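Undergrad: Take a look at the following structure, please.
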Amino acid sequence: MFKTIIEPFRIKVIEQIKMTTPEQRKEMLRDAGYNIFSLRSDDVIIDLLTDSGTGAMSANQWGGVMRGDESYAGSPSYFHFRDSVKDIMGFEHIIPTHQGRAAERILFSVMCKEGDVVPNNSHFDTTRANVEFTGAIAVDLPSTELADMDSDFPFKGDMDVARLRETFAEYGAERIPLVMMTVTNNSGGGQPVSMANMREVAGVCREFDTPLYLDACRITENAYLIKLREPSYADKTVREIVREMCALAQGCTMSAKKDAIVNMGGFLATNDEALAKEQKILLILTEGFPTYGGLSGRDLEALAIGMQEAVDEDYLHYRISSTHYVGQHLRDAGVPLLWPTGGHAIYLDAKRFATHLTPQELPGVAVANAMYELGGVRACEIGTLMFGSRDPETGAESAGPRELVRLAIPRRTYTQSHMDYVIEVVTQVWEERASLPGYRIVEQAPFLRHFSAKLTPQS
Ligand SMILES: Cc1ncc(COP(=O)(O)O)c(C=O)c1O
């Protein structure tokens with residue numbers, strides 16, 4: 001009825017933001033080697049580097065932290081956690097881990113071997129690394145619609161089912177120990193997967209007797225987007241939609257730092273008892289006893305409560321609407337971005353933003369650094385700095401597949417006026433786009449260079 005999106009919560013505790021000037025930020029950026037990962041976070045006004053572990057916990061979750069029971073074995077906090085996850089997802093065996101990548105490592109170590117192939121709509125980088133660490137091949141099968149950044153197609157996170165069939169035909173089912181579906185599809189622009197696509201993928205997996213696992217970090221945001229965009233789900237509850245998605249899979253990995261709104265935590269879930277036994281053996285080796293995994297009792301309590309809060313539809317309405325609000329305003333100002341907006345982030349198209357820069361001049365870095373310098377807003381380049389590489393012999397730089405800047409929105413952390421400020425900052429950078437300097441890498445690590453590279457602006 002009213003157009004203002006109000007946050008469905010009141011603020012009880014605040015964290016002071018240190019305000020800085022553009023002149024100060026210019027110096028801090030220079031001292032950080034022009035790499036936003038090297039900034040101190042208290043020198044950032046609005047931090048949109050990630051939505052992972054940066055959400056604000058509720059009073060209820062903080063109450064749970066005080067109730068957490070730290071017994072080594074059989075803690076009531078474990079049972080609370082297990083029952084809450086089962087209640088939302090319905091999986092049989094729930095194994096706590098310290099975060100998502102630990103669940104991935106255990107899952108793939110138990111299921112994959114050298115030469116195997118794991119198809120996914122799009123692997124997140126830690127998921128890919130954990131698949132490849134076992135000697136298996138990680139294959140991305142994003143939908144063809146994802147390539148068009150401007151179309152209104154509502155489910156650009158879908159898997160390309162025809163290519164999934166081709167992958168089974170090419171490698172044979174015996175080399176494919178599982179198929180993964182990432183919901184929402186983070187590496188694919190935070191775009192949702194439709195239930196229709198989930199069903200089709202599950203059907204192919206059943207045909208080849210291959211288990212389907214979810215990378216479920218943002219499953220409640222995905223479920224809400226299904227409710228909004230898939231007409232036959234308009235009258236279903238998010239709880240029902242999450243259950244239906246999970247019922248199509250045999251298990252999941254979860255980084256609870258996203259939709260479960262905790263600062264640390266994750267889990268692995270499966271319906272396969274024999275597999276769960278093997279997974280627990282590995283869990284004990286590196287994470288901990290199966291009733292705490294890599295977590296303390298207080299983390300398990302916060303996670304148990306966060307899972308329930310994550311399916312609250314007033315919360316999800318606010319969450320998805322505020323992401324859309326930022327995207328819509330930027331789009332109206334002419335800023336090129338991935339459309340429609342997904343759940344957790346806005347992805348700016350730096351290629352069309354800074355058309356005067358080649359990929360080797362790092363247009364994504366140019367946009368992200370200008371956002372920081374102008375307004376103290378930190379966002380993340382997902383382009384040539386992150387995914388390109390330098391030929392060790394010739395020194396030639398290869399470009400990344402895309403030049404994006406991700407504005408990831410932490411959950412329940414910022415208000416609408418913070419988002420209005422972000423819109424103003426990005427719009428201002430857009431207006432000044434012709435004068436953005438390109439960047440050159442002066443120092444880089446052989447792997448994951450974006451975290452530590454030192455850069456210099458081109459004069
Ligand atoms: C889709 C997806 N999978 C897995 C992970 C890894 O989770 P974690 O950072 O908790 O290890 C992330 C984290 O950003 C993610 O976005």
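Residues in the structure tokens are numbered from 1 in each chain, the chains being A, B, ... in the order shown, and ligands are numbered from 1 in the order shown.
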Considering only C-alpha atoms, return as a PDB file with C-alpha atoms, in the first residue's frame whatever protein or nucleic-acid residues lie within 10 Å of range 127-132 of chain A, sequence-local ones (same chain, fewer than 2 positions apart) excluded.
TA:
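For reference, out_4.pdb as written:
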ATOM      1  CA  GLY A 100      30.366 -23.577   4.189  1.00  0.00           C
ATOM      2  CA  ARG A 101      33.708 -24.550   2.720  1.00  0.00           C
ATOM      3  CA  ALA A 102      34.326 -27.099   5.497  1.00  0.00           C
ATOM      4  CA  ALA A 103      31.042 -28.785   4.559  1.00  0.00           C
ATOM      5  CA  GLU A 104      32.171 -28.735   0.911  1.00  0.00           C
ATOM      6  CA  ARG A 105      35.542 -30.268   1.732  1.00  0.00           C
ATOM      7  CA  ILE A 106      33.918 -33.136   3.634  1.00  0.00           C
ATOM      8  CA  LEU A 107      31.199 -33.739   1.025  1.00  0.00           C
ATOM      9  CA  PHE A 108      33.575 -33.858  -1.941  1.00  0.00           C
ATOM     10  CA  SER A 109      36.301 -35.787  -0.081  1.00  0.00           C
ATOM     11  CA  MET A 111      32.015 -38.556  -2.753  1.00  0.00           C
ATOM     12  CA  CYS A 112      34.629 -37.605  -5.397  1.00  0.00           C
ATOM     13  CA  LYS A 113      37.844 -39.047  -6.746  1.00  0.00           C
ATOM     14  CA  GLU A 114      40.415 -38.231  -9.436  1.00  0.00           C
ATOM     15  CA  GLY A 115      38.785 -37.880 -12.868  1.00  0.00           C
ATOM     16  CA  ASP A 116      35.211 -37.504 -11.591  1.00  0.00           C
ATOM     17  CA  VAL A 117      33.039 -34.661 -12.845  1.00  0.00           C
ATOM     18  CA  VAL A 118      30.751 -32.420 -10.771  1.00  0.00           C
ATOM     19  CA  ASN A 120      26.793 -27.218 -11.005  1.00  0.00           C
ATOM     20  CA  SER A 122      27.782 -22.237 -11.266  1.00  0.00           C
ATOM     21  CA  HIS A 123      30.396 -23.263  -8.716  1.00  0.00           C
ATOM     22  CA  PHE A 124      31.260 -20.714  -6.089  1.00  0.00           C
ATOM     23  CA  ASP A 125      35.058 -20.324  -5.925  1.00  0.00           C
ATOM     24  CA  THR A 134      39.920 -34.181  -4.897  1.00  0.00           C
ATOM     25  CA  GLY A 135      41.153 -34.386  -8.515  1.00  0.00           C
ATOM     26  CA  ALA A 136      37.624 -34.085  -9.899  1.00  0.00           C
ATOM     27  CA  ILE A 137      36.540 -31.613 -12.601  1.00  0.00           C
ATOM     28  CA  ALA A 138      34.092 -28.808 -11.720  1.00  0.00           C
ATOM     29  CA  VAL A 139      31.791 -28.037 -14.664  1.00  0.00           C
ATOM     30  CA  ASP A 140      29.604 -24.905 -14.741  1.00  0.00           C
ATOM     31  CA  MET A 180      25.158 -29.570  -7.336  1.00  0.00           C
ATOM     32  CA  THR A 182      23.643 -23.386  -6.078  1.00  0.00           C
ATOM     33  CA  ASP A 215      24.576 -25.380  -2.168  1.00  0.00           C
ATOM     34  CA  THR A 253      26.025 -27.837   2.033  1.00  0.00           C
TER      35      THR A 253
END
Undergrad: Run DSSP on the backbone and give me the residues of range 111-164 of chain A it puts in strand (DSSP E or B), as a list in words.
TA: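 The residues of range 111-164 of chain A classed as strand (DSSP E or B) are Val117, Val118, Pro119, Asn120, Ile137, Ala138, Val139, Asp140, Pro142 and Met159 of chain A.
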Undergrad: Compare A:Met254, A:Leu295, A:Ala59, A:Cys380 by their minimum atom-to-atom distance to Gly266 in chain A, counting only C-alpha atoms, and give me the closest one.
TA: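 Among the listed residues, the smallest separation from Gly266 in chain A belongs to A:Met254.
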Undergrad: Just to confirm, what's the straight-line distance from CA of Val183 in chain A to CA of Ser389 in chain A in Å (one decimal)?
TA: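 Between CA of Val183 in chain A and CA of Ser389 in chain A the gap is 28.2 Å.
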Undergrad: Any idea what's packed within 8 Å of Ala223 in chain A, counting only C-alpha atoms, ignoring anything in its chain fewer than 5 positions away? Could you give it as number ranges by chain?
TA: A: 238, 241-242
Undergrad: Output N, CA, C and O atoms of each residue in that selection to a file, as an mmCIF file, in the first residue's frame.
TA:
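What follows is the written file out-v6.cif:
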data_model
loop_
_atom_site.group_PDB
_atom_site.id
_atom_site.type_symbol
_atom_site.label_atom_id
_atom_site.label_comp_id
_atom_site.auth_asym_id
_atom_site.auth_seq_id
_atom_site.Cartn_x
_atom_site.Cartn_y
_atom_site.Cartn_z
ATOM 1 N N VAL A 238 7.019 -19.580 2.098
ATOM 2 C CA VAL A 238 8.454 -19.797 1.856
ATOM 3 C C VAL A 238 8.886 -21.126 2.491
ATOM 4 O O VAL A 238 9.665 -21.885 1.916
ATOM 5 N N ILE A 241 8.042 -23.816 0.149
ATOM 6 C CA ILE A 241 8.894 -23.813 -1.055
ATOM 7 C C ILE A 241 10.284 -24.369 -0.719
ATOM 8 O O ILE A 241 10.841 -25.173 -1.464
ATOM 9 N N VAL A 242 10.822 -23.952 0.435
ATOM 10 C CA VAL A 242 12.145 -24.471 0.836
ATOM 11 C C VAL A 242 12.060 -25.996 0.988
ATOM 12 O O VAL A 242 12.924 -26.734 0.492
#
Undergrad: Do you know which residues are at most 12 Å from Arg10 in chain A counting only C-alpha atoms, after dropping those on the same chain fewer than 6 positions away, and could you put them as a compact mmCIF listing (two decimals) with C-alpha atoms, in the first residue's frame?
TA:
# COMPACT_ATOMS: atom_id res chain seq x y z
CA ALA A 56 23.05 -8.32 12.29
CA SER A 58 18.48 -10.51 16.47
CA ALA A 59 17.91 -10.04 20.20
CA ARG A 412 19.56 -6.32 8.59
CA THR A 413 22.71 -4.19 8.92
CA TYR A 414 22.02 -1.03 6.94
CA THR A 415 18.90 1.13 6.73
Undergrad: Output as a tab-separated table one row per residue of range 281-391 of chain A within 6 Å of range 434-442 of chain A: the closest atom pair and its distance in Å to one decimal place, counting only C-alpha atoms, sorted by chain and residue number ascending.
TA:
residue	atom	partner	partner_atom	distance
A:Glu361	CA	A:Gly438	CA	4.7
A:Leu362	CA	A:Tyr439	CA	5.7
A:Ala366	CA	A:Gly438	CA	5.8
Undergrad: Please dump the current selection as a PDB file, in the first residue's frame; keep N, CA and C atoms.
TA:
ATOM      1  N   GLU A 361      43.018  -2.757 -18.175  1.00  0.00           N
ATOM      2  CA  GLU A 361      43.079  -1.528 -17.364  1.00  0.00           C
ATOM      3  C   GLU A 361      42.102  -1.593 -16.184  1.00  0.00           C
ATOM      4  N   LEU A 362      41.532  -2.761 -15.959  1.00  0.00           N
ATOM      5  CA  LEU A 362      40.741  -3.107 -14.777  1.00  0.00           C
ATOM      6  C   LEU A 362      39.576  -2.137 -14.506  1.00  0.00           C
ATOM      7  N   ALA A 366      38.470   0.258 -11.279  1.00  0.00           N
ATOM      8  CA  ALA A 366      38.294   1.708 -11.437  1.00  0.00           C
ATOM      9  C   ALA A 366      36.979   2.154 -10.800  1.00  0.00           C
TER      10      ALA A 366
END
Undergrad: Give me, as an MDAnalysis selection string, all polymer residues having an atom no more than 9 Å from range 160-171 of chain A, counting only C-alpha atoms and skipping those fewer than 3 positions away in the same chain.
TA: chainID A and resid 116:117 119:121 139 141:144 174:176 197 200:201 204 208
Undergrad: Generate a file of the selected residues that holds all heavy atoms, formatted as a CSV table (one decimal), in the first residue's frame.
TA:
chain,number,residue,atom,x,y,z
A,116,ASP,N,36.7,-37.7,-11.7
A,116,ASP,CA,35.2,-37.5,-11.6
A,116,ASP,C,34.8,-36.1,-12.1
A,116,ASP,O,35.7,-35.2,-12.2
A,116,ASP,CB,34.7,-37.6,-10.1
A,116,ASP,CG,34.6,-39.1,-9.7
A,116,ASP,OD1,34.7,-40.0,-10.6
A,116,ASP,OD2,34.4,-39.3,-8.5
A,117,VAL,N,33.5,-35.9,-12.3
A,117,VAL,CA,33.0,-34.7,-12.8
A,117,VAL,C,31.9,-34.2,-12.0
A,117,VAL,O,31.0,-35.0,-11.7
A,117,VAL,CB,32.6,-34.8,-14.3
A,117,VAL,CG1,31.9,-33.6,-14.8
A,117,VAL,CG2,33.8,-35.2,-15.2
A,119,PRO,N,28.9,-31.5,-12.1
A,119,PRO,CA,28.2,-30.3,-12.7
A,119,PRO,C,27.5,-29.5,-11.7
A,119,PRO,O,27.0,-30.0,-10.6
A,119,PRO,CB,27.2,-31.0,-13.6
A,119,PRO,CG,27.5,-32.5,-13.6
A,119,PRO,CD,28.2,-32.7,-12.3
A,120,ASN,N,27.4,-28.2,-11.9
A,120,ASN,CA,26.8,-27.2,-11.0
A,120,ASN,C,26.2,-26.1,-11.9
A,120,ASN,O,26.8,-25.9,-13.0
A,120,ASN,CB,27.9,-26.7,-10.1
A,120,ASN,CG,27.3,-25.9,-8.9
A,120,ASN,OD1,26.4,-25.2,-8.9
A,120,ASN,ND2,28.0,-26.1,-7.7
A,121,ASN,N,25.2,-25.4,-11.5
A,121,ASN,CA,24.7,-24.3,-12.3
A,121,ASN,C,25.9,-23.3,-12.4
A,121,ASN,O,26.3,-22.9,-13.5
A,121,ASN,CB,23.4,-23.7,-11.8
A,121,ASN,CG,23.3,-23.4,-10.3
A,121,ASN,OD1,24.2,-23.9,-9.6
A,121,ASN,ND2,22.3,-22.7,-9.9
A,139,VAL,N,32.3,-28.5,-13.4
A,139,VAL,CA,31.8,-28.0,-14.7
A,139,VAL,C,30.6,-27.1,-14.4
A,139,VAL,O,29.7,-27.5,-13.7
A,139,VAL,CB,31.3,-29.2,-15.5
A,139,VAL,CG1,30.7,-28.7,-16.8
A,139,VAL,CG2,32.5,-30.1,-15.9
A,141,LEU,N,27.3,-25.1,-15.6
A,141,LEU,CA,26.3,-25.2,-16.6
A,141,LEU,C,25.3,-24.1,-16.4
A,141,LEU,O,24.1,-24.4,-16.2
A,141,LEU,CB,25.6,-26.6,-16.6
A,141,LEU,CG,26.6,-27.8,-16.7
A,141,LEU,CD1,25.8,-29.1,-16.4
A,141,LEU,CD2,27.2,-27.8,-18.0
A,142,PRO,N,25.6,-22.8,-16.5
A,142,PRO,CA,24.7,-21.7,-16.3
A,142,PRO,C,23.7,-21.7,-17.5
A,142,PRO,O,24.0,-22.1,-18.6
A,142,PRO,CB,25.5,-20.5,-16.2
A,142,PRO,CG,26.7,-20.8,-17.0
A,142,PRO,CD,27.0,-22.3,-16.9
A,143,SER,N,22.5,-21.1,-17.2
A,143,SER,CA,21.5,-20.9,-18.2
A,143,SER,C,22.0,-20.0,-19.3
A,143,SER,O,22.8,-19.0,-19.0
A,143,SER,CB,20.2,-20.4,-17.6
A,143,SER,OG,20.4,-19.1,-17.2
A,144,THR,N,21.5,-20.1,-20.5
A,144,THR,CA,21.9,-19.2,-21.6
A,144,THR,C,21.4,-17.8,-21.3
A,144,THR,O,22.0,-16.8,-21.7
A,144,THR,CB,21.4,-19.7,-23.0
A,144,THR,OG1,20.0,-20.0,-22.8
A,144,THR,CG2,22.2,-20.9,-23.4
A,174,GLU,N,28.9,-42.9,-14.5
A,174,GLU,CA,29.8,-43.5,-13.5
A,174,GLU,C,30.9,-42.5,-13.0
A,174,GLU,O,31.4,-42.6,-12.0
A,174,GLU,CB,30.4,-44.8,-13.9
A,174,GLU,CG,31.1,-45.0,-15.2
A,174,GLU,CD,30.3,-44.6,-16.5
A,174,GLU,OE1,29.0,-44.7,-16.5
A,174,GLU,OE2,30.9,-44.3,-17.5
A,175,ARG,N,31.1,-41.5,-13.9
A,175,ARG,CA,32.1,-40.5,-13.5
A,175,ARG,C,31.5,-39.2,-12.8
A,175,ARG,O,32.2,-38.3,-12.5
A,175,ARG,CB,32.9,-40.0,-14.7
A,175,ARG,CG,34.0,-41.0,-15.1
A,175,ARG,CD,34.7,-40.5,-16.3
A,175,ARG,NE,35.6,-39.3,-16.0
A,175,ARG,CZ,36.2,-38.7,-17.0
A,175,ARG,NH1,36.1,-39.0,-18.3
A,175,ARG,NH2,36.9,-37.6,-16.6
A,176,ILE,N,30.2,-39.3,-12.7
A,176,ILE,CA,29.5,-38.1,-12.0
A,176,ILE,C,28.9,-38.5,-10.7
A,176,ILE,O,27.8,-39.0,-10.6
A,176,ILE,CB,28.4,-37.5,-13.0
A,176,ILE,CG1,29.1,-37.1,-14.3
A,176,ILE,CG2,27.7,-36.3,-12.4
A,176,ILE,CD1,28.2,-36.5,-15.4
A,197,ASN,N,13.0,-25.6,-12.9
A,197,ASN,CA,14.3,-26.0,-13.3
A,197,ASN,C,14.9,-27.0,-12.3
A,197,ASN,O,15.5,-28.0,-12.7
A,197,ASN,CB,15.3,-24.8,-13.4
A,197,ASN,CG,16.7,-25.1,-13.9
A,197,ASN,OD1,17.6,-25.1,-13.2
A,197,ASN,ND2,16.8,-25.4,-15.2
A,200,GLU,N,13.3,-30.3,-13.1
A,200,GLU,CA,13.9,-30.9,-14.3
A,200,GLU,C,15.3,-31.5,-14.1
A,200,GLU,O,15.6,-32.6,-14.5
A,200,GLU,CB,14.1,-29.8,-15.4
A,200,GLU,CG,13.0,-29.8,-16.4
A,200,GLU,CD,13.4,-28.9,-17.6
A,200,GLU,OE1,13.2,-27.7,-17.6
A,200,GLU,OE2,13.9,-29.5,-18.6
A,201,VAL,N,16.1,-30.7,-13.3
A,201,VAL,CA,17.5,-31.2,-13.0
A,201,VAL,C,17.3,-32.5,-12.1
A,201,VAL,O,18.1,-33.5,-12.4
A,201,VAL,CB,18.3,-30.1,-12.3
A,201,VAL,CG1,19.6,-30.7,-11.7
A,201,VAL,CG2,18.6,-29.0,-13.3
A,204,VAL,N,16.6,-35.4,-14.3
A,204,VAL,CA,17.7,-36.0,-15.0
A,204,VAL,C,18.6,-36.8,-14.0
A,204,VAL,O,19.1,-37.9,-14.3
A,204,VAL,CB,18.6,-34.8,-15.7
A,204,VAL,CG1,19.9,-35.4,-16.3
A,204,VAL,CG2,17.8,-34.1,-16.7
A,208,PHE,N,19.7,-41.0,-14.1
A,208,PHE,CA,21.0,-41.5,-14.1
A,208,PHE,C,21.4,-42.0,-12.7
A,208,PHE,O,22.6,-42.4,-12.4
A,208,PHE,CB,22.0,-40.5,-14.6
A,208,PHE,CG,21.9,-40.2,-16.0
A,208,PHE,CD1,21.2,-39.0,-16.5
A,208,PHE,CD2,22.4,-41.0,-17.0
A,208,PHE,CE1,21.0,-38.8,-17.8
A,208,PHE,CE2,22.3,-40.8,-18.3
A,208,PHE,CZ,21.6,-39.6,-18.7
Undergrad: In Å, with one decimal, what is the gap from CA of Asp420 in chain A to CA of Asp43 in chain A?
TA: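 Pair CA of Asp420 in chain A / CA of Asp43 in chain A returns 19.8 Å.
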Undergrad: Would you pick out the contacts of Tyr318 in chain A at 12 Å or less, using only C-alpha atoms, so that residues sharing its chain but fewer than 2 positions from it are not included, and give the list as a list of chain:residue names?
TA: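 Counting only the stated atoms, we get A:Lys3, A:Thr4, A:Ile5, A:Ile6, A:Glu7, A:Pro8, A:Phe9, A:Glu221, A:Tyr224, A:Ala310, A:Asp312, A:Glu313, A:Asp314, A:Tyr315, A:Leu316, A:Ile320, A:Ser321, A:Ser322, A:Thr323, A:His324, A:Tyr325, A:Gly343, A:His344, A:Arg411, A:Arg412, A:Tyr414, A:Thr415, A:Gln416.
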Undergrad: Which parts of range 265-434 of chain A does DSSP call alpha helix (DSSP H) when run on the backbone here, written out as a PyMOL selection string?
TA: chain A and resi 273-286+297-309+313-332+350-353+363-375+384-387+416-431
